[in-house]
Amino acid sequence: MIPVVISGGSGSRLWPISRTSYPKQFCEVFDEPLLERTLKRVRELGEPRVVTIESLRVLTNRCVQSLSIPSENVIYEPLAKNTAAAIALLCHRLFLDKKSDEIVGIFPADHFIQDTKTFYSVVHLAEKCARDNKIVTLGIEPTYPATGFGYVECEDAIFQTSGNLSARDVKAFYEKPDLTTAENFTKSGRHFWNAGMFVFQVSTMIEAFKTHLPDLWTKISTLTPDLSNLLEVYTQLPSISIDKGIMEKMKEQVCIPSQIGWSDLGSWDDYAKMAEVGFVSTANNLAAVVGYEAQHNFVLSVRPKTVALVNVDDVLVIDTPDALLIGKRGKSQNTKKIVEKLEENKNKTAREHTFDYRPWGKYDILSDDSEFKIKVIAVNPGQQLSYQSHIHRSEHWVVIEGHGEVVINEQVLDISPGSSIVIPMNSKHRIRNTGQKILRFVEVQTGEYFGEDDITRYEDDYKRV
């Protein structure tokens with residue numbers, strides 16, 4: 001089997017920790033990033049691949065490199081076009097690689113599974129069904145009337161069995177229901193949560209695209225083997241989910257219902273429940289919580305902070321350096337509405353953190369004022385920033401850790417802890433780490449504008465010129 005992890009998402013439901021530029025599959029509030037956890041899980045099924053979007057390249061590279069997954073196993077979409085386009089791109093790539101007879105498993109990057117033993121049993125049964133030309137959905141037995149998930153309705157007819165697992169013919173797919181409908185679904189014994197996990201033979205899925213999304217497949221088929229025209233093709237594709245585009249229309253498909261301890265960790269309520277029963281680590285929660293007549297509250301802070309709660313119950317408090325979320329437990333799905341309002345107001349906290357990962361390392365913004373900006377910048381061993389200049393700002397660097405070189409207008413200077421470098425406006429400059437440990441320095445910017453777009457690049461190891 002070829003396990004494929006689909007990694008995308010806008011990051012809105014676990015805001016303010018998850019954001020567009022740093023969605024939840026990378027967040028460090030979990031004991032390890034969810035993408036990394038998912039890749040470790042599916043690696044037991046075969047050598048994993050990843051389909052993600054170009055804007056997440058740096059974060060994805062950090063994760064796959066830590067697991068020694070070959071870079072050629074990652075496909076980067078130039079634009080987010082939903083799951084149908086992502087799976088079509090994958091199938092076309094496998095077709096070009098003469099792997100049309102392979103069985104593929106599709107697994108979201110940001111889901112949590114407690115019972116991996118049962119999960120593997122389900123996937124192995126799904127693989128057998130896929131070899132009989134069935135597209136298989138992994139269904140989750142509902143534990144409550146969820147209105148935030150889609151549902152799959154199964155027939156009584158059984159296609160294949162393995163132990164206490166049964167692959168049942170699919171009758172219909174349903175979008176997220178209202179509460180009354182969800183309650184009826186939960187009681188029926190025939191309706192199961194659609195967890196977005198699918199297993200199929202590549203050739204079977206290609207035929208499904210040709211039948212149900214022929215225009216999309218025709219466009220995907222024009223991709224060149226080196227994907228040099230990927231952006232041109234992707235701009236023409238519709239944005240549609242695999243569920244709506246294909247699964248709701250398919251006849252030859254089955255669902256395997258099971259209970260695998262699944263959660264999509266789609267809200268802070270989900271996270272709080274998982275943390276309270278010990279399934280999600282809280283080691284990265286730096287809050288010291290003090291309460292007076294305060295019960296059933298959940299507090300998470302990513303920085304050391306004392307949080308005092310007085311005469312409040314059932315409250316969620318999520319704290320980051322630049323944003324604070326306070327909400328009522330049981331209503332955290334409405335966080336998405338807050339993010340929409342922030343987007344409307346062009347508030348950058350909807351999308352960005354005060355830190356960012358780059359191909360060479362990471363920076364953290366300590367202060368961002370109208371007169372100055374202060375960062376702590378970390379450069380990984382053997383890496384260097386682009387050779388660049390700034391029109392609107394000068395910079396002052398103070399090295400606090402590591403060794404390296406600074407180049408200013410072609411002049412090379414050795415640096416070590418305590419070194420102080422002034423870079424005037426319009427001066428070409430770069431810094432490189434020549435040591436074996438992280439090179440860390442404080443950058444103080446002064447001038448009239450401090451945006452990240454005030455960069456003119458002349459040379460760059462990461463092709464950003």
# chains A, B, ... in the order shown; residues from 1 in each chain; ligands from 1
>>> select_by_dssp(residues="stretch 390-459 of chain A", states="strand (DSSP E or B)", output="PyMOL selection string")
chain A and resi 393-401+404-408+411-415+420-423+429-433+439-447+456-459
>>> closest_atom_pairs(of="stretch 51-168 of chain A", to="stretch 260-279 of chain A", cutoff="12 Å", atoms="only C-alpha atoms", output="Markdown table")
| residue | atom | partner | partner_atom | distance |
| --- | --- | --- | --- | --- |
| A:Phe107 | CA | A:Asp264 | CA | 11.4 |
| A:Pro108 | CA | A:Asp264 | CA | 8.9 |
| A:Ala109 | CA | A:Asp264 | CA | 9.6 |
| A:Asp110 | CA | A:Asp264 | CA | 6.7 |
| A:His111 | CA | A:Asp264 | CA | 4.4 |
| A:Phe112 | CA | A:Ser263 | CA | 5.1 |
| A:Ile113 | CA | A:Trp262 | CA | 4.6 |
| A:Gln114 | CA | A:Gly261 | CA | 4.7 |
| A:Asp115 | CA | A:Ile260 | CA | 4.8 |
| A:Thr116 | CA | A:Ile260 | CA | 7.0 |
| A:Lys117 | CA | A:Ile260 | CA | 8.3 |
| A:Thr118 | CA | A:Ile260 | CA | 6.0 |
| A:Phe119 | CA | A:Ile260 | CA | 5.9 |
| A:Tyr120 | CA | A:Ile260 | CA | 9.6 |
| A:Ser121 | CA | A:Ile260 | CA | 10.1 |
| A:Val122 | CA | A:Ile260 | CA | 9.0 |
| A:Val123 | CA | A:Ile260 | CA | 11.3 |
| A:Leu138 | CA | A:Ile260 | CA | 10.2 |
| A:Gly139 | CA | A:Ile260 | CA | 9.8 |
| A:Ile140 | CA | A:Trp262 | CA | 7.4 |
| A:Glu141 | CA | A:Ile260 | CA | 8.8 |
| A:Pro142 | CA | A:Trp262 | CA | 10.1 |
| A:Thr143 | CA | A:Gly261 | CA | 10.2 |
| A:Ala146 | CA | A:Gly266 | CA | 11.7 |
| A:Gly148 | CA | A:Gly266 | CA | 8.8 |
| A:Phe149 | CA | A:Asp264 | CA | 9.6 |
| A:Leu165 | CA | A:Ile260 | CA | 11.8 |
>>> closest_residue(among="A:Lys128, A:His396, A:Lys219, A:Lys81", to="A:Glu54", atoms="only C-alpha atoms")
A:Lys81
>>> residues_around(residues="A:Val254", least_positions_apart="6", cutoff="6 Å", atoms="only C-alpha atoms", output="list in words")
Val136, Ala167, Arg168, Asp169 and Val170 of chain A
>>> residues_around(residues="A:Lys328", least_positions_apart="3", cutoff="6 Å", atoms="only C-alpha atoms", output="ChimeraX atom specification")
/A:314-316,331
>>> write_last_selection(atoms="C-alpha atoms", output="PDB file, in the first residue's frame")
ATOM      1  CA  ASP A 314     -17.008  26.118  31.979  1.00  0.00           C
ATOM      2  CA  VAL A 315     -14.608  28.630  30.419  1.00  0.00           C
ATOM      3  CA  LEU A 316     -11.896  28.101  27.810  1.00  0.00           C
ATOM      4  CA  LYS A 331     -19.318  26.572  22.039  1.00  0.00           C
TER       5      LYS A 331
END
>>> select_by_dssp(residues="stretch 338-403 of chain A", states="alpha helix (DSSP H)", output="PyMOL selection string")
chain A and resi 338-344
>>> residues_around(residues="stretch 370-380 of chain A", least_positions_apart="5", cutoff="7 Å", atoms="only C-alpha atoms", output="ChimeraX atom specification")
/A:360-365,433,438-447,450
>>> write_last_selection(atoms="C-alpha atoms", output="PDB file, in the first residue's frame")
ATOM      1  CA  TRP A 360      17.286  28.631   6.993  1.00  0.00           C
ATOM      2  CA  GLY A 361      15.746  28.621  10.489  1.00  0.00           C
ATOM      3  CA  LYS A 362      13.261  30.709  12.475  1.00  0.00           C
ATOM      4  CA  TYR A 363      12.611  34.172  13.864  1.00  0.00           C
ATOM      5  CA  ASP A 364      10.537  35.450  16.809  1.00  0.00           C
ATOM      6  CA  ILE A 365       9.283  39.039  17.011  1.00  0.00           C
ATOM      7  CA  ASN A 433      26.139  29.866  10.188  1.00  0.00           C
ATOM      8  CA  ILE A 438      22.406  27.189  15.995  1.00  0.00           C
ATOM      9  CA  LEU A 439      23.549  30.756  15.370  1.00  0.00           C
ATOM     10  CA  ARG A 440      21.271  33.106  17.299  1.00  0.00           C
ATOM     11  CA  PHE A 441      21.249  36.895  17.255  1.00  0.00           C
ATOM     12  CA  VAL A 442      19.047  39.839  18.204  1.00  0.00           C
ATOM     13  CA  GLU A 443      18.038  42.141  15.369  1.00  0.00           C
ATOM     14  CA  VAL A 444      16.920  45.720  16.067  1.00  0.00           C
ATOM     15  CA  GLN A 445      15.321  47.421  13.062  1.00  0.00           C
ATOM     16  CA  THR A 446      15.001  51.194  12.862  1.00  0.00           C
ATOM     17  CA  GLY A 447      13.575  53.281  10.050  1.00  0.00           C
ATOM     18  CA  PHE A 450       9.443  47.135   8.871  1.00  0.00           C
TER      19      PHE A 450
END
>>> residues_around(residues="stretch 177-182 of chain A", least_positions_apart="2", cutoff="10 Å", atoms="only C-alpha atoms", output="PyMOL selection string")
chain A and resi 142+144-151+174-175+184-188+191
>>> write_last_selection(atoms="N, CA and C atoms", output="CSV table (one decimal), in the first residue's frame")
chain,number,residue,atom,x,y,z
A,142,PRO,N,-20.5,6.6,15.6
A,142,PRO,CA,-20.7,7.9,16.3
A,142,PRO,C,-20.9,7.6,17.8
A,144,TYR,N,-21.7,10.5,19.8
A,144,TYR,CA,-22.7,11.5,20.1
A,144,TYR,C,-23.2,12.1,18.9
A,145,PRO,N,-24.3,12.9,18.9
A,145,PRO,CA,-24.9,13.4,17.7
A,145,PRO,C,-24.1,14.7,17.2
A,146,ALA,N,-23.1,14.4,16.4
A,146,ALA,CA,-22.2,15.5,16.0
A,146,ALA,C,-22.8,16.2,14.8
A,147,THR,N,-22.9,17.5,14.8
A,147,THR,CA,-23.3,18.3,13.7
A,147,THR,C,-22.2,18.9,12.9
A,148,GLY,N,-21.0,18.6,13.3
A,148,GLY,CA,-19.8,19.1,12.6
A,148,GLY,C,-19.2,18.1,11.6
A,149,PHE,N,-19.7,16.9,11.5
A,149,PHE,CA,-19.1,15.9,10.6
A,149,PHE,C,-20.2,15.5,9.6
A,150,GLY,N,-19.6,15.1,8.4
A,150,GLY,CA,-20.5,14.4,7.4
A,150,GLY,C,-20.7,13.0,7.9
A,151,TYR,N,-21.7,12.3,7.3
A,151,TYR,CA,-22.1,11.0,7.7
A,151,TYR,C,-22.2,10.1,6.4
A,174,TYR,N,-24.0,12.1,3.5
A,174,TYR,CA,-24.7,13.3,3.9
A,174,TYR,C,-23.8,14.4,4.4
A,175,GLU,N,-24.1,15.6,4.1
A,175,GLU,CA,-23.4,16.7,4.6
A,175,GLU,C,-23.6,16.9,6.1
A,184,ASN,N,-30.9,11.3,15.1
A,184,ASN,CA,-31.5,10.2,14.5
A,184,ASN,C,-30.4,9.3,13.8
A,185,PHE,N,-29.4,9.9,13.3
A,185,PHE,CA,-28.3,9.2,12.7
A,185,PHE,C,-27.6,8.4,13.7
A,186,THR,N,-27.4,9.0,14.9
A,186,THR,CA,-26.6,8.3,16.0
A,186,THR,C,-27.3,7.1,16.5
A,187,LYS,N,-28.7,7.1,16.5
A,187,LYS,CA,-29.5,6.0,17.0
A,187,LYS,C,-29.7,4.9,15.9
A,188,SER,N,-29.5,5.2,14.6
A,188,SER,CA,-29.9,4.2,13.6
A,188,SER,C,-29.1,3.0,13.5
A,191,HIS,N,-25.6,4.8,10.3
A,191,HIS,CA,-24.9,6.0,9.9
A,191,HIS,C,-23.7,6.2,10.7
>>> residues_around(residues="A:Pro321", least_positions_apart="6", cutoff="10 Å", atoms="only C-alpha atoms", output="PyMOL selection string")
chain A and resi 16-17+301-303+353-355+365-366
>>> write_last_selection(atoms="C-alpha atoms", output="PDB file, in the first residue's frame")
ATOM      1  CA  PRO A  16      -5.183  31.557  18.089  1.00  0.00           C
ATOM      2  CA  ILE A  17      -2.578  28.771  18.237  1.00  0.00           C
ATOM      3  CA  SER A 301      -0.861  29.218  27.526  1.00  0.00           C
ATOM      4  CA  VAL A 302       2.196  28.922  25.293  1.00  0.00           C
ATOM      5  CA  ARG A 303       4.249  31.227  27.520  1.00  0.00           C
ATOM      6  CA  HIS A 353       2.061  34.455  14.446  1.00  0.00           C
ATOM      7  CA  THR A 354       4.804  36.545  16.022  1.00  0.00           C
ATOM      8  CA  PHE A 355       7.192  33.837  14.822  1.00  0.00           C
ATOM      9  CA  ILE A 365       9.283  39.039  17.011  1.00  0.00           C
ATOM     10  CA  LEU A 366       9.824  40.446  20.500  1.00  0.00           C
TER      11      LEU A 366
END
>>> closest_residue(among="A:Asn164, A:Ser18, A:Thr60, A:Ser239", to="A:Thr320", atoms="only C-alpha atoms")
A:Ser18
>>> closest_residue(among="A:Ile318, A:Asn194, A:Met1, A:Ile206", to="A:Glu127", atoms="only C-alpha atoms")
A:Met1
>>> closest_residue(among="A:Arg358, A:Thr204, A:Ile423, A:Cys129", to="A:Thr161", atoms="only C-alpha atoms")
A:Cys129
>>> atom_distance(atom1="atom CA of A:Asn284", atom2="atom CA of A:Asp31")
7.5 Å
>>> atom_distance(atom1="atom CA of A:Ile421", atom2="atom CA of A:Glu395")
8.3 Å
>>> atom_distance(atom1="atom CA of A:Asn61", atom2="atom CA of A:Arg49")
12.3 Å
>>> closest_residue(among="A:Gln295, A:Ala287, A:Glu102, A:Glu155", to="A:Ser203", atoms="only C-alpha atoms")
A:Glu102
>>> decode(residues="stretch 163-179 of chain A", atoms="N, CA and C atoms", output="short mmCIF file (atom, residue, chain, number, x, y, z; two decimals), in the first residue's frame")
data_model
loop_
_atom_site.label_atom_id
_atom_site.label_comp_id
_atom_site.auth_asym_id
_atom_site.auth_seq_id
_atom_site.Cartn_x
_atom_site.Cartn_y
_atom_site.Cartn_z
N GLY A 163 -12.43 -10.75 10.97
CA GLY A 163 -12.65 -10.71 12.41
C GLY A 163 -14.02 -10.13 12.72
N ASN A 164 -14.05 -9.11 13.58
CA ASN A 164 -15.33 -8.47 13.91
C ASN A 164 -15.60 -7.23 13.06
N LEU A 165 -14.80 -7.04 12.00
CA LEU A 165 -14.99 -5.91 11.11
C LEU A 165 -15.73 -6.33 9.86
N SER A 166 -16.61 -5.45 9.37
CA SER A 166 -17.39 -5.73 8.16
C SER A 166 -17.33 -4.53 7.22
N ALA A 167 -17.08 -4.83 5.95
CA ALA A 167 -17.18 -3.81 4.91
C ALA A 167 -18.59 -3.88 4.34
N ARG A 168 -19.35 -2.78 4.49
CA ARG A 168 -20.76 -2.77 4.09
C ARG A 168 -20.96 -1.85 2.90
N ASP A 169 -21.90 -2.23 2.05
CA ASP A 169 -22.23 -1.40 0.89
C ASP A 169 -22.73 -0.03 1.36
N VAL A 170 -22.34 1.00 0.63
CA VAL A 170 -22.73 2.37 0.97
C VAL A 170 -24.04 2.72 0.27
N LYS A 171 -24.95 3.31 1.03
CA LYS A 171 -26.22 3.77 0.46
C LYS A 171 -26.15 5.25 0.09
N ALA A 172 -25.58 6.08 1.00
CA ALA A 172 -25.57 7.52 0.73
C ALA A 172 -24.57 8.24 1.62
N PHE A 173 -24.15 9.42 1.16
CA PHE A 173 -23.33 10.35 1.94
C PHE A 173 -24.20 11.54 2.31
N TYR A 174 -23.96 12.11 3.50
CA TYR A 174 -24.72 13.27 3.94
C TYR A 174 -23.77 14.37 4.42
N GLU A 175 -24.11 15.60 4.09
CA GLU A 175 -23.35 16.74 4.59
C GLU A 175 -23.63 16.91 6.09
N LYS A 176 -22.98 17.86 6.73
CA LYS A 176 -23.17 18.09 8.16
C LYS A 176 -24.65 18.34 8.47
N PRO A 177 -25.26 17.52 9.33
CA PRO A 177 -26.70 17.62 9.58
C PRO A 177 -27.05 18.59 10.70
N ASP A 178 -28.33 18.90 10.83
CA ASP A 178 -28.77 19.65 12.01
C ASP A 178 -28.83 18.68 13.19
N LEU A 179 -29.10 19.21 14.39
CA LEU A 179 -29.02 18.39 15.59
C LEU A 179 -30.04 17.26 15.59
#
